[in-house]
Amino acid sequence: MKLLGSATSPYARKVRIVAIEKKLDFEWVPQDVWSADTTIGQLNPLGKIPVLLMDDEVIYDSRVIVEYLDARAPTQRLIPDGNKDRAHVRTLEALADGLCDAAVGMLLEPRFHPGEATSQVWIQRQAQKVDRALAAMNQTLGAHHWMNHKGFTVADVACGVALGYLELRFSENTWKETYPALLSYYNTLMERPSFSSTKPA
């Protein structure tokens, strides 16, 4: 089982963390989707990472891969079976992924539309999404240890990865001061080997 992705991709990191938490053996294959000689498009027509490559199957989209890995090793399930709990956890995963989508959009806009071509309206729109997502995470967490309140789930993986991506790419974001409970939560997550070993430099 090979996992293709970039060390700085929050989506790839989410999958790596899940695989480590589930104690699954996999080969990590770094990929640069922006490289002229990348072959990702041959595996995923959308040209996106991560991609899980097996002998007889290619799986892409981080949420699909996460669900596959969670079912592959049924112990310590990260996605609850109960319909309500499952929907709650997957919604939080979508929230965290959406935060990352917005942050990536902010990062790439000036890169592809430099100077006066940069749309500040677009960047502001994405920044508002990030701010709302952070507020929602903080409200959901409340005084609890985990996002689902009952235990560690993929919601915590996704939310922790999203916070880590902001720390990596947008260190000027004030979420650590604005939401001290999220900072404490993030620091607790970073004590887990799955998080500390996958933290991008």
# chains A, B, ... in the order shown; residues from 1 in each chain; ligands from 1
call {"tool": "residues_around", "arguments": {"residues": "Asn173 of chain A", "least_positions_apart": "5", "cutoff": "10 Å", "atoms": "only C-alpha atoms", "output": "VMD selection string"}}
result
chain A and resid 127 130 to 131 166 to 167 178
call {"tool": "select_by_dssp", "arguments": {"residues": "chain A", "states": "strand (DSSP E)", "output": "PDB file with N, CA and C atoms, in the first residue's frame"}}
result
ATOM      1  N   LYS A   2       0.713   2.080  -1.010  1.00  0.00           N
ATOM      2  CA  LYS A   2       1.504   3.299  -1.133  1.00  0.00           C
ATOM      3  C   LYS A   2       0.593   4.517  -1.007  1.00  0.00           C
ATOM      4  N   LEU A   3       1.069   5.502  -0.272  1.00  0.00           N
ATOM      5  CA  LEU A   3       0.344   6.757  -0.137  1.00  0.00           C
ATOM      6  C   LEU A   3       1.164   7.857  -0.783  1.00  0.00           C
ATOM      7  N   LEU A   4       0.607   8.474  -1.814  1.00  0.00           N
ATOM      8  CA  LEU A   4       1.292   9.519  -2.552  1.00  0.00           C
ATOM      9  C   LEU A   4       0.756  10.879  -2.114  1.00  0.00           C
ATOM     10  N   GLY A   5       1.674  11.788  -1.833  1.00  0.00           N
ATOM     11  CA  GLY A   5       1.245  13.114  -1.405  1.00  0.00           C
ATOM     12  C   GLY A   5       2.415  14.008  -1.093  1.00  0.00           C
ATOM     13  N   GLU A  27       3.709   2.717   2.472  1.00  0.00           N
ATOM     14  CA  GLU A  27       4.908   3.383   1.972  1.00  0.00           C
ATOM     15  C   GLU A  27       4.535   4.811   1.599  1.00  0.00           C
ATOM     16  N   TRP A  28       5.245   5.759   2.180  1.00  0.00           N
ATOM     17  CA  TRP A  28       4.996   7.174   1.901  1.00  0.00           C
ATOM     18  C   TRP A  28       5.821   7.594   0.684  1.00  0.00           C
ATOM     19  N   VAL A  29       5.142   8.083  -0.347  1.00  0.00           N
ATOM     20  CA  VAL A  29       5.812   8.479  -1.592  1.00  0.00           C
ATOM     21  C   VAL A  29       5.574   9.964  -1.834  1.00  0.00           C
ATOM     22  N   PRO A  30       6.558  10.824  -1.539  1.00  0.00           N
ATOM     23  CA  PRO A  30       6.383  12.268  -1.750  1.00  0.00           C
ATOM     24  C   PRO A  30       6.143  12.603  -3.217  1.00  0.00           C
ATOM     25  N   VAL A  51      -3.218  10.263  -2.946  1.00  0.00           N
ATOM     26  CA  VAL A  51      -3.679   9.103  -3.703  1.00  0.00           C
ATOM     27  C   VAL A  51      -3.195   7.861  -2.974  1.00  0.00           C
ATOM     28  N   LEU A  52      -4.099   6.914  -2.754  1.00  0.00           N
ATOM     29  CA  LEU A  52      -3.734   5.642  -2.139  1.00  0.00           C
ATOM     30  C   LEU A  52      -3.656   4.609  -3.251  1.00  0.00           C
ATOM     31  N   LEU A  53      -2.480   4.027  -3.388  1.00  0.00           N
ATOM     32  CA  LEU A  53      -2.216   3.095  -4.478  1.00  0.00           C
ATOM     33  C   LEU A  53      -2.020   1.697  -3.922  1.00  0.00           C
ATOM     34  N   VAL A  58      -6.979   2.099  -7.009  1.00  0.00           N
ATOM     35  CA  VAL A  58      -6.470   3.446  -6.770  1.00  0.00           C
ATOM     36  C   VAL A  58      -7.595   4.241  -6.122  1.00  0.00           C
ATOM     37  N   ILE A  59      -7.324   4.797  -4.950  1.00  0.00           N
ATOM     38  CA  ILE A  59      -8.343   5.553  -4.222  1.00  0.00           C
ATOM     39  C   ILE A  59      -7.848   6.981  -4.043  1.00  0.00           C
ATOM     40  N   TYR A  60      -8.708   7.935  -4.346  1.00  0.00           N
ATOM     41  CA  TYR A  60      -8.332   9.334  -4.115  1.00  0.00           C
ATOM     42  C   TYR A  60      -9.468  10.109  -3.473  1.00  0.00           C
TER      43      TYR A  60
END
call {"tool": "residues_around", "arguments": {"residues": "Val18 of chain A", "least_positions_apart": "5", "cutoff": "8 Å", "atoms": "only C-alpha atoms", "output": "list in words"}}
result
Val66, Leu69, Asp70, Val154, Val157 and Ser194 of chain A
call {"tool": "residues_around", "arguments": {"residues": "segment 135-141 of chain A", "least_positions_apart": "5", "cutoff": "10 Å", "atoms": "only C-alpha atoms", "output": "list in words"}}
result
Leu92, Leu95, Ala96, Lys129, Val130, Trp146, Met147, Asn148, His149, Asp156, Cys159, Trp175, Thr178, Tyr179, Pro180, Ala181, Leu182, Leu183 and Tyr185 of chain A
call {"tool": "atom_distance", "arguments": {"atom1": "atom CA of Phe170 of chain A", "atom2": "atom CA of Cys100 of chain A"}}
result
11.3 Å
